[in-house]
>>> print(open('work.cif').read())   # mmCIF, C-alpha atoms
data_start
loop_
_atom_site.label_atom_id
_atom_site.label_comp_id
_atom_site.auth_asym_id
_atom_site.auth_seq_id
_atom_site.Cartn_x
_atom_site.Cartn_y
_atom_site.Cartn_z
CA MET A 270 -5.22 -26.04 -2.77
CA SER A 271 -6.70 -28.93 -4.64
CA HIS A 272 -9.10 -27.70 -7.25
CA THR A 273 -10.04 -30.12 -9.96
CA LEU A 274 -11.52 -28.19 -12.80
CA ALA A 275 -13.17 -29.75 -15.78
CA VAL A 276 -13.02 -27.17 -18.53
CA SER A 277 -15.49 -27.76 -21.30
CA GLU A 278 -13.56 -25.91 -23.98
CA THR A 279 -10.09 -24.56 -24.37
CA SER A 280 -9.75 -21.02 -23.26
CA GLN A 281 -10.11 -17.58 -24.68
CA VAL A 282 -7.55 -15.50 -26.46
CA LEU A 283 -7.90 -11.85 -25.63
CA GLU A 284 -8.15 -9.73 -28.68
CA ASN A 285 -5.45 -7.30 -29.57
CA LYS A 286 -7.64 -4.27 -28.79
CA GLU A 287 -8.39 -5.49 -25.27
CA ILE A 288 -4.74 -5.78 -24.50
CA GLN A 289 -4.13 -2.34 -25.94
CA SER A 290 -6.85 -0.89 -23.78
CA ASN A 291 -4.93 -2.19 -20.80
CA GLY A 292 -1.89 -0.29 -21.88
CA ALA A 293 0.05 -2.90 -23.77
CA GLU A 294 0.66 -3.29 -27.42
CA LEU A 295 0.65 -6.73 -28.85
CA ASN A 296 3.40 -7.11 -31.39
CA SER A 297 2.72 -10.65 -32.34
CA LEU A 298 0.92 -13.62 -30.95
CA ALA A 299 1.71 -16.73 -32.89
CA SER A 300 -0.60 -19.54 -32.00
CA ASN A 301 0.77 -22.77 -30.69
CA SER A 302 -1.18 -25.86 -31.48
CA SER A 303 -1.03 -27.33 -28.00
CA GLU A 304 -1.70 -24.18 -25.96
CA GLN A 305 -4.02 -21.23 -25.92
CA PHE A 306 -3.38 -18.10 -23.98
CA ILE A 307 -5.15 -15.78 -21.66
CA LEU A 308 -3.15 -12.61 -21.34
CA SER A 309 -3.92 -10.11 -18.71
CA LEU A 310 -1.86 -7.03 -18.14
CA VAL A 311 -1.72 -5.78 -14.62
CA GLU A 312 0.12 -3.04 -12.83
CA SER A 313 2.19 -3.50 -9.75
CA SER A 314 3.38 -0.93 -7.29
CA SER A 315 6.88 -1.21 -8.66
CA THR A 316 7.87 1.02 -11.53
CA SER A 317 7.66 -1.82 -13.98
CA GLY A 318 4.60 -3.54 -15.35
CA SER A 319 3.64 -7.11 -14.75
CA LEU A 320 2.08 -9.53 -17.10
CA VAL A 321 -0.08 -12.43 -16.12
CA TYR A 322 0.32 -15.12 -18.71
CA THR A 323 -2.10 -17.98 -18.37
CA THR A 324 -2.23 -21.03 -20.56
CA LYS A 325 -4.73 -23.78 -20.92
CA THR A 326 -3.44 -26.82 -22.72
CA SER A 327 -5.25 -29.52 -24.59
CA ASP A 328 -5.14 -31.86 -21.59
CA GLU A 329 -7.29 -29.24 -19.81
CA SER A 330 -4.70 -28.25 -17.26
CA ILE A 331 -4.32 -24.61 -16.38
CA SER A 332 -1.15 -22.80 -15.53
CA HIS A 333 -0.42 -19.21 -14.62
CA LYS A 334 2.90 -17.50 -14.98
CA ILE A 335 3.83 -14.07 -13.77
CA LEU A 336 6.31 -12.05 -15.77
CA VAL A 337 7.72 -8.90 -14.30
CA LYS A 338 10.41 -7.12 -16.19
CA ASP A 339 11.89 -3.67 -16.29
CA GLU A 340 12.41 -3.62 -20.01
CA ASP A 341 9.66 -2.74 -22.39
CA VAL A 342 9.39 -6.08 -24.10
CA PHE A 343 8.13 -9.31 -22.65
CA ASP A 344 9.39 -12.14 -24.77
CA LEU A 345 7.37 -15.28 -24.36
CA GLY A 346 9.66 -17.39 -26.49
CA SER A 347 8.30 -18.39 -29.83
CA ALA A 348 4.76 -17.98 -28.59
CA SER A 349 4.46 -14.24 -28.44
CA LYS A 350 6.15 -10.95 -27.85
CA ILE A 351 4.43 -8.13 -26.03
CA SER A 352 5.55 -4.62 -25.35
CA ILE A 353 4.32 -2.68 -22.37
CA ALA A 354 3.95 1.07 -22.41
CA ASN A 355 3.57 3.72 -19.83
CA LEU A 356 2.75 1.76 -16.69
CA LYS A 357 2.32 3.69 -13.48
CA PRO A 358 2.55 2.24 -9.98
CA ARG A 359 -0.63 1.41 -8.14
CA THR A 360 -1.37 3.21 -4.92
CA ARG A 361 -3.58 0.61 -3.28
CA ASN A 362 -3.95 -3.14 -2.85
CA TYR A 363 -5.55 -4.65 -5.88
CA PHE A 364 -6.91 -7.99 -7.00
CA GLU A 365 -6.52 -8.61 -10.72
CA THR A 366 -9.10 -11.09 -11.91
CA VAL A 367 -7.95 -13.69 -14.41
CA GLN A 368 -11.00 -15.93 -14.30
CA LYS A 369 -14.36 -15.74 -12.55
CA TRP A 370 -17.04 -18.38 -12.23
CA GLU A 371 -20.49 -18.52 -10.71
CA GLY A 372 -21.07 -21.91 -9.12
CA ARG A 373 -24.07 -23.84 -7.87
CA VAL A 374 -23.51 -26.54 -5.26
CA ASP A 375 -24.67 -29.94 -6.51
CA THR A 376 -23.46 -32.45 -3.91
CA ILE A 377 -21.62 -32.22 -0.63
CA SER A 378 -19.43 -34.90 0.92
CA GLN A 379 -17.50 -34.80 4.18
CA ASP A 380 -14.64 -32.62 2.99
CA LYS A 381 -15.49 -31.64 -0.58
CA PHE A 382 -18.36 -30.42 -2.67
CA LEU A 383 -19.19 -30.73 -6.35
CA ALA A 384 -20.55 -27.76 -8.22
CA THR A 385 -21.66 -26.73 -11.67
CA ILE A 386 -19.71 -23.66 -12.67
CA THR A 387 -20.51 -21.00 -15.27
CA ASP A 388 -17.68 -18.89 -16.62
CA LEU A 389 -18.43 -15.21 -16.00
CA THR A 390 -15.24 -14.07 -17.74
CA ASN A 391 -16.06 -15.64 -21.08
CA LYS A 392 -19.76 -16.16 -21.68
CA ASN A 393 -19.06 -18.31 -24.76
CA LEU A 394 -17.67 -21.15 -22.69
CA ASN A 395 -19.94 -23.99 -21.64
CA ASP A 396 -20.63 -24.84 -18.03
CA GLY A 397 -18.10 -27.07 -16.28
CA THR A 398 -17.85 -29.01 -13.06
CA ALA A 399 -15.57 -28.34 -10.14
CA GLU A 400 -14.69 -30.36 -7.08
CA ILE A 401 -13.71 -28.02 -4.29
CA ASP A 402 -12.32 -28.68 -0.81
CA ILE A 403 -14.56 -27.39 1.94
CA ASP A 404 -11.36 -26.06 3.55
CA GLU A 405 -11.25 -23.51 0.72
CA ILE A 406 -14.39 -21.84 2.05
CA GLU A 407 -14.07 -19.09 4.64
CA GLU A 408 -15.39 -19.99 8.09
CA ASP A 409 -18.09 -17.33 7.78
CA ASP A 410 -19.42 -18.85 4.58
CA ARG A 411 -19.52 -22.51 5.64
CA VAL A 412 -22.99 -22.13 7.12
CA LEU A 413 -24.16 -21.22 3.63
CA LEU A 414 -22.86 -24.42 2.05
CA LYS A 415 -25.91 -26.44 1.05
CA LYS A 416 -27.26 -28.01 -2.12
CA GLY A 417 -28.29 -25.31 -4.56
CA ALA A 418 -26.27 -22.55 -2.88
CA ILE A 419 -24.69 -20.04 -5.27
CA PHE A 420 -21.08 -18.95 -4.94
CA TYR A 421 -18.49 -16.96 -6.85
CA TRP A 422 -15.03 -18.42 -7.47
CA ILE A 423 -12.46 -15.85 -8.46
CA VAL A 424 -8.92 -16.64 -9.59
CA GLY A 425 -6.29 -13.98 -10.10
CA TYR A 426 -3.37 -12.12 -8.61
CA TYR A 427 -3.26 -9.99 -5.52
CA PHE A 428 -1.00 -6.96 -5.62
CA ASN A 429 0.04 -5.27 -2.43
CA VAL A 430 1.09 -1.64 -2.41
CA ASP A 431 4.46 -2.81 -1.08
CA GLY A 432 5.04 -4.50 -4.43
CA THR A 433 4.43 -8.11 -3.45
CA LEU A 434 2.34 -10.18 -5.78
CA LEU A 435 0.49 -13.37 -4.88
CA SER A 436 -1.28 -15.89 -7.00
CA SER A 437 -4.63 -16.13 -5.31
CA SER A 438 -8.14 -17.46 -5.54
CA PHE A 439 -11.13 -17.00 -3.31
CA ILE A 440 -14.65 -18.29 -2.99
CA LYS A 441 -17.50 -16.17 -1.75
CA PHE A 442 -20.98 -17.52 -1.18
CA ARG A 443 -23.97 -15.48 -2.20
CA ARG A 444 -25.68 -13.81 0.74
CA LEU A 445 -29.21 -12.60 0.51
CA PRO A 446 -31.30 -11.43 3.42
CA LYS A 447 -33.42 -14.14 4.92
CA VAL A 448 -36.97 -13.35 5.94
CA SER A 449 -38.02 -15.97 8.45
CA ASP A 450 -41.52 -17.46 8.49
CA ALA A 451 -41.99 -16.20 12.03
CA TYR A 452 -41.06 -12.67 10.96
CA THR A 453 -43.47 -12.79 8.00
CA LYS A 454 -46.27 -14.11 10.24
CA ASN A 455 -45.58 -11.39 12.77
CA LEU A 456 -45.81 -8.74 10.03
CA GLU A 457 -49.08 -10.19 8.78
CA LEU A 458 -50.53 -10.08 12.29
CA ARG A 459 -49.39 -6.49 12.79
CA ALA A 460 -50.85 -5.46 9.44
CA LYS A 461 -54.19 -7.11 10.29
CA GLU A 462 -54.25 -5.29 13.62
CA LEU A 463 -53.55 -1.96 11.95
CA PHE A 464 -56.34 -2.49 9.43
CA LYS A 465 -58.70 -3.53 12.22
CA ASN A 466 -57.86 -0.40 14.23
CA ALA A 467 -58.17 1.85 11.20
CA PHE A 468 -61.61 0.46 10.29
CA SER A 469 -62.89 0.58 13.85
CA LYS A 470 -61.86 4.27 14.03
CA LEU A 471 -63.66 4.96 10.75
CA ALA A 472 -66.77 3.20 12.08
CA GLU A 473 -66.73 5.44 15.13
CA MET B 146 -4.02 6.07 -32.73
CA PRO B 147 -2.95 7.73 -29.42
CA ARG B 148 -1.21 5.48 -26.89
CA LYS B 149 -3.45 5.25 -23.87
CA SER B 150 -4.07 3.03 -20.89
CA VAL B 151 -7.05 2.37 -18.65
CA LYS B 152 -6.15 3.28 -15.09
CA SER B 153 -9.25 2.27 -13.19
CA GLU B 154 -12.60 0.74 -13.90
CA ILE B 155 -15.44 1.34 -11.50
CA LEU B 156 -18.94 -0.04 -11.32
CA SER B 157 -21.52 1.92 -9.39
CA PHE B 158 -25.16 1.50 -8.52
CA VAL B 159 -27.10 4.70 -7.91
CA ALA B 160 -30.64 4.63 -6.55
CA LEU B 161 -32.82 7.71 -6.22
CA GLY B 162 -35.53 7.58 -3.58
CA SER B 163 -36.22 8.50 -0.01
CA PHE B 164 -33.71 6.94 2.38
CA ASN B 165 -32.78 6.93 6.03
CA PRO B 166 -28.97 7.29 5.78
CA GLN B 167 -28.33 6.39 9.40
CA ILE B 168 -29.30 2.76 8.99
CA PHE B 169 -26.47 2.21 6.51
CA HIS B 170 -23.97 0.75 8.92
CA PRO B 171 -21.97 -2.52 8.80
CA ALA B 172 -23.88 -3.76 11.85
CA TRP B 173 -27.19 -3.36 9.98
CA LEU B 174 -25.84 -5.04 6.83
CA LEU B 175 -24.59 -7.92 8.98
CA LYS B 176 -27.81 -8.21 10.97
CA GLU B 177 -29.84 -8.42 7.77
CA GLY B 178 -27.60 -11.18 6.38
CA ILE B 179 -26.32 -9.04 3.50
CA ILE B 180 -22.61 -9.24 4.34
CA SER B 181 -20.44 -11.70 6.27
CA PRO B 182 -19.06 -11.03 9.77
CA LYS B 183 -15.55 -10.79 8.29
CA ASP B 184 -16.64 -8.15 5.76
CA ALA B 185 -18.55 -6.27 8.45
CA ASP B 186 -15.36 -6.10 10.54
CA ALA B 187 -13.36 -4.81 7.57
CA ILE B 188 -15.75 -2.00 6.66
CA GLU B 189 -14.67 1.41 7.87
CA VAL B 190 -17.46 3.78 8.90
CA LYS B 191 -16.27 7.18 7.75
CA ILE B 192 -19.43 8.97 8.78
CA ASN B 193 -22.79 7.79 10.09
CA SER B 194 -25.39 10.45 10.77
CA ARG B 195 -29.04 11.25 10.10
CA ASN B 196 -28.13 13.04 6.86
CA ILE B 197 -25.29 10.99 5.46
CA SER B 198 -23.48 7.69 5.90
CA VAL B 199 -20.24 6.77 4.19
CA LEU B 200 -18.76 3.28 4.48
CA SER B 201 -15.90 1.59 2.67
CA ASN B 202 -13.46 -1.28 2.50
CA SER B 203 -10.82 -2.09 -0.11
CA TRP B 204 -13.37 -2.98 -2.79
CA LEU B 205 -16.71 -1.48 -1.69
CA GLY B 206 -17.97 2.05 -1.14
CA VAL B 207 -21.40 3.02 0.19
CA GLU B 208 -22.71 6.57 0.37
CA ALA B 209 -26.25 7.11 1.60
CA ARG B 210 -28.01 10.47 1.71
CA ASP B 211 -31.67 11.45 2.06
CA LEU B 212 -32.43 11.19 -1.64
CA ILE B 213 -29.65 9.06 -3.05
CA LEU B 214 -27.87 5.80 -2.36
CA LYS B 215 -24.62 5.16 -4.20
CA VAL B 216 -22.73 1.88 -3.96
CA THR B 217 -19.42 1.52 -5.83
CA VAL B 218 -17.06 -1.36 -6.48
CA ASN B 219 -13.56 -0.79 -7.78
CA GLN B 220 -12.46 -4.34 -8.63
CA LYS B 221 -14.00 -6.62 -11.23
CA ALA B 222 -13.65 -9.61 -8.93
CA TYR B 223 -16.43 -8.20 -6.74
CA TYR B 224 -18.98 -7.02 -9.33
CA GLU B 225 -21.50 -9.83 -8.71
CA ILE B 226 -20.85 -9.79 -4.96
CA VAL B 227 -21.73 -6.09 -4.77
CA ARG B 228 -24.72 -6.59 -7.07
CA ASP B 229 -25.97 -9.05 -4.44
CA ILE B 230 -25.29 -6.55 -1.66
CA VAL B 231 -27.37 -3.85 -3.39
CA GLY B 232 -30.05 -6.38 -4.31
CA GLY B 233 -30.08 -7.57 -0.70
CA ILE B 234 -30.40 -4.01 0.64
CA PHE B 235 -33.53 -3.46 -1.44
CA GLN B 236 -34.97 -6.84 -0.49
CA VAL B 237 -34.84 -5.58 3.08
CA LEU B 238 -35.93 -2.04 2.16
CA ASN B 239 -38.67 -3.53 0.01
CA ASN B 240 -41.17 -0.78 0.76
CA THR B 241 -38.74 2.14 0.64
CA PRO B 242 -39.90 4.61 -2.03
CA VAL B 243 -37.55 4.74 -5.02
CA ARG B 244 -37.88 6.37 -8.43
CA ALA B 245 -34.76 5.59 -10.49
CA LEU B 246 -31.76 3.28 -10.71
CA GLY B 247 -28.49 3.77 -12.55
CA ILE B 248 -25.95 1.06 -13.27
CA ASN B 249 -22.76 2.86 -14.25
CA ASN B 250 -19.46 1.62 -15.61
CA SER B 251 -16.74 4.22 -15.67
CA ALA B 252 -13.05 4.37 -16.43
CA ASN B 253 -10.14 6.76 -16.17
CA VAL B 254 -7.93 6.74 -19.23
CA SER B 255 -4.47 8.26 -19.42
CA PHE B 256 -2.54 9.26 -22.52
CA GLU B 257 1.13 9.00 -23.21
CA LYS B 258 1.15 12.44 -24.85
CA GLN B 259 -0.56 15.48 -23.35
CA SER B 260 -1.63 16.65 -26.82
CA ASP B 261 -3.62 13.45 -27.33
CA ARG B 262 -5.59 14.18 -24.18
CA VAL B 263 -6.39 17.72 -25.30
CA ASN B 264 -7.57 16.53 -28.71
CA VAL B 265 -9.69 13.72 -27.38
CA GLY B 266 -13.01 15.36 -28.25
CA ALA B 267 -12.16 15.47 -31.94
CA GLY B 268 -13.40 11.93 -32.39
CA PHE B 269 -16.84 12.94 -31.13
CA ILE B 270 -17.46 16.62 -31.98
CA ASN B 271 -16.37 18.88 -34.76
CA LEU B 272 -14.81 21.93 -33.13
CA ASP B 273 -14.71 23.75 -36.49
CA ASN B 274 -18.46 24.34 -36.04
CA TRP B 275 -17.71 26.34 -32.91
CA GLU B 276 -15.01 28.62 -34.25
CA SER B 277 -17.50 31.31 -35.28
CA LEU B 278 -18.83 31.36 -31.68
CA LEU B 279 -15.72 30.86 -29.54
CA LYS B 280 -12.07 31.72 -29.80
CA ASP B 281 -9.91 28.58 -29.59
CA PRO B 282 -12.79 26.18 -28.72
CA GLN B 283 -11.71 23.10 -26.78
CA PHE B 284 -13.35 19.95 -25.61
CA ASN B 285 -14.60 20.20 -22.02
CA GLN B 286 -17.39 17.71 -21.54
CA ILE B 287 -19.52 15.57 -23.80
CA VAL B 288 -22.81 14.04 -22.65
CA VAL B 289 -24.83 12.01 -25.11
CA GLN B 290 -27.98 10.10 -24.33
CA GLY B 291 -29.80 7.45 -26.34
CA THR B 292 -32.56 4.90 -25.96
CA LYS B 293 -31.64 1.53 -24.49
CA LYS B 294 -30.78 -1.16 -26.94
CA SER B 295 -31.39 -4.40 -25.21
CA ASP B 296 -33.72 -4.62 -22.24
CA LYS B 297 -37.40 -4.44 -21.39
CA TYR B 298 -37.20 -1.53 -18.96
CA LYS B 299 -37.92 2.13 -19.52
CA GLY B 300 -34.88 4.37 -19.40
CA TYR B 301 -31.88 5.41 -21.42
CA GLN B 302 -28.15 4.94 -21.83
CA ARG B 303 -26.02 8.02 -21.27
CA ILE B 304 -22.34 8.47 -22.07
CA THR B 305 -20.29 11.18 -20.37
CA ILE B 306 -16.74 12.05 -21.39
CA GLN B 307 -14.89 14.66 -19.37
CA PRO B 308 -11.49 15.46 -17.86
CA SER B 309 -10.66 13.09 -15.02
CA ILE B 310 -10.37 14.48 -11.51
CA GLU B 311 -8.34 11.45 -10.40
CA ILE B 312 -5.61 11.30 -13.01
CA GLU B 313 -4.22 13.49 -15.77
CA GLY B 314 -6.48 11.96 -18.35
CA ILE B 315 -10.08 11.41 -19.36
CA PHE B 316 -13.02 10.08 -17.37
CA ILE B 317 -15.70 8.13 -19.21
CA ASP B 318 -18.98 7.07 -17.67
CA VAL B 319 -21.63 4.85 -19.23
CA ASN B 320 -24.92 5.03 -17.37
CA ASP B 321 -27.69 2.48 -17.86
CA HIS B 322 -30.60 4.42 -16.38
CA PHE B 323 -33.88 2.84 -15.28
CA GLU B 324 -36.85 5.21 -14.90
CA LEU B 325 -38.93 3.27 -12.41
CA ASP B 326 -41.39 6.11 -11.72
CA SER B 327 -42.71 6.15 -15.28
CA ASP B 328 -42.28 2.50 -16.21
CA PRO B 329 -45.74 0.89 -16.47
CA GLN B 330 -44.28 -2.39 -15.17
CA PHE B 331 -44.03 -0.86 -11.70
CA GLU B 332 -46.85 0.29 -9.48
CA VAL B 333 -46.62 3.84 -8.17
CA VAL B 334 -47.11 3.66 -4.41
CA TRP B 335 -46.50 7.25 -3.41
CA THR B 336 -46.50 10.72 -4.96
CA ASP B 337 -44.80 13.47 -3.00
CA LYS B 338 -45.90 17.10 -2.66
CA ASP B 339 -43.87 18.06 -5.75
CA GLY B 340 -45.64 15.44 -7.83
CA ILE B 341 -42.66 13.06 -7.96
CA LYS B 342 -43.79 9.45 -8.17
CA TYR B 343 -42.21 6.57 -6.31
CA VAL B 344 -42.37 2.78 -6.57
CA LYS B 345 -41.36 0.11 -4.05
CA GLY B 346 -37.67 -0.51 -3.37
CA GLU B 347 -38.08 -4.23 -4.05
CA ASN B 348 -38.30 -3.37 -7.76
CA ILE B 349 -34.62 -2.44 -7.72
CA SER B 350 -33.77 -5.95 -6.51
CA LYS B 351 -35.89 -7.41 -9.27
CA ILE B 352 -34.06 -5.39 -11.95
CA LEU B 353 -30.64 -6.23 -10.51
CA PHE B 354 -31.26 -9.96 -10.33
CA ASP B 355 -33.04 -10.06 -13.68
CA ASN B 356 -31.04 -7.67 -15.82
CA PHE B 357 -27.57 -7.16 -14.32
CA LYS B 358 -25.65 -9.13 -16.91
CA THR B 359 -27.45 -7.48 -19.85
CA SER B 360 -26.81 -4.09 -18.33
CA ILE B 361 -23.13 -4.68 -17.55
CA ASP B 362 -22.40 -6.30 -20.90
CA GLY B 363 -24.06 -3.38 -22.71
CA ASN B 364 -22.21 -0.80 -20.62
CA LEU B 365 -18.82 -2.47 -21.02
CA GLU B 366 -19.25 -2.85 -24.76
CA THR B 367 -20.08 0.84 -25.05
CA LEU B 368 -17.23 1.81 -22.71
CA SER B 369 -14.73 -0.18 -24.71
CA SER B 370 -15.96 1.35 -28.00
CA VAL B 371 -15.61 4.85 -26.57
CA ILE B 372 -12.08 4.12 -25.33
CA GLU B 373 -11.17 2.79 -28.74
CA ARG B 374 -12.40 6.00 -30.40
CA LEU B 375 -10.47 8.32 -28.09
#
>>> encode(input="work.cif", output="structure tokens")
Amino acid sequence: MSHTLAVSETSQVLENKEIQSNGAELNSLASNSSEQFILSLVESSSTSGSLVYTTKTSDESISHKILVKDEDVFDLGSASKISIANLKPRTRNYFETVQKWEGRVDTISQDKFLATITDLTNKNLNDGTAEIDIDEIEEDDRVLLKKGAIFYWIVGYYFNVDGTLLSSSFIKFRRLPKVSDAYTKNLELRAKELFKNAFSKLAE
Amino acid sequence: MPRKSVKSEILSFVALGSFNPQIFHPAWLLKEGIISPKDADAIEVKINSRNISVLSNSWLGVEARDLILKVTVNQKAYYEIVRDIVGGIFQVLNNTPVRALGINNSANVSFEKQSDRVNVGAGFINLDNWESLLKDPQFNQIVVQGTKKSDKYKGYQRITIQPSIEIEGIFIDVNDHFELDSDPQFEVVWTDKDGIKYVKGENISKILFDNFKTSIDGNLETLSSVIERL
């Protein structure tokens, strides 16, 4: 994977209440001048909880760490300490979203494309730019890759019911039904015929 | 404050109208360019008949009946993707008669202590008022409806709080309801024998592409406030 992401601002810090609503209680979250955190609590199929701990640093790099522990307390060093309560195993495969962008293709080269991306996870962030390998796009979606095409880029963690956990991202291009010119013309012709028939019957 | 955790969050789109359930099949969605070949292969057809069709994969559920189409998504990663699927369906079914649309965000919430679950209604209704009418009154279901706060469409926002049927906990649903049949923005194209008015299906696509974010943001804000008050 070779994503180059230009992030316009440093990232979000989830509020205490959001973390609580996911089942965790934030004991303390001391801020560190060089890093900001995105914390996302997820549940795995094991009996313990898992915590996705994402940092964005001032040099605009992004890193994700997975913490899985049996004990109640996740100690993130001096940065923060989080306790997890009452987590139950999941019964199905699940993708936990950490970050989601909507992108619009700007330019396409032989093996990459440049896109303007809008953060759908945090609406307060400004648009950024991403350079993405065409290899990252599913075969099915490559026919949709053209200037102006809209896609969704989702980064997160994939949990299998068997307890495995994978850092994952996927890109899905927007699909909307296409009405061809020929089809539209054909409909117009059929409509005209119907009207003509209807009026000729009325005239009779 | 009771210790609680959100166990699942579901987004659903519910359209009321007059449908032909049998066409709702992965082959049709693929043929119309609404889903990819890979997604079409992954969709399981649970039932496909003249009266009902039920399709699903790991993140999408479709249930079509004569008078109702319900599309659900159970993972946040796919919210916009499924919005496009529903919008795409009504671009194809542009002349299908429809009369209402609901965009619903719901969640199941569990409590560490059973007593907290039983007392959950206390934050919303005063049971003391009921003691002269009922012996040992308890919370069963709360439904409250209000006018929409933030969009240009006719309709309402409705909150339902009730026991969950999926987990030992509480189910909360926030419904952003669009009344297309009485909204002057939309042209009535058909009135049935019972006097129910219908507009064109393409109006659902317009609302979804124009107002989805406003609707979802409003729903999620309300949902999170309700969860906080439990």
>>> resolve_selection(input="work.cif", expression="the PyMOL selection byres ((chain B) within 6 of (chain A))", output="list of chain:residue names")
B:Ser150, B:Val151, B:Glu177, B:Gly178, B:Ile179, B:Ala222, B:Gly233
>>> resolve_selection(input="work.cif", expression="the PyMOL selection byres ((chain B and resi 258) around 12)", output="PyMOL selection string")
(chain A and resi 354-355) or (chain B and resi 146-150+255-257+259-265+313-314)
>>> resolve_selection(input="work.cif", expression="the PyMOL selection byres ((chain B and resi 185) around 10)", output="list in words")
His170, Pro171, Ala172, Trp173, Leu174, Leu175, Lys176, Ile179, Ile180, Ser181, Pro182, Lys183, Asp184, Asp186, Ala187, Ile188, Glu189 and Asn202 of chain B
>>> atom_distance(input="work.cif", atom1="CA of Ala418 in chain A", atom2="CA of Ile230 in chain B")
16.1 Å
>>> atom_distance(input="work.cif", atom1="CA of Glu347 in chain B", atom2="CA of Lys465 in chain A")
26.3 Å
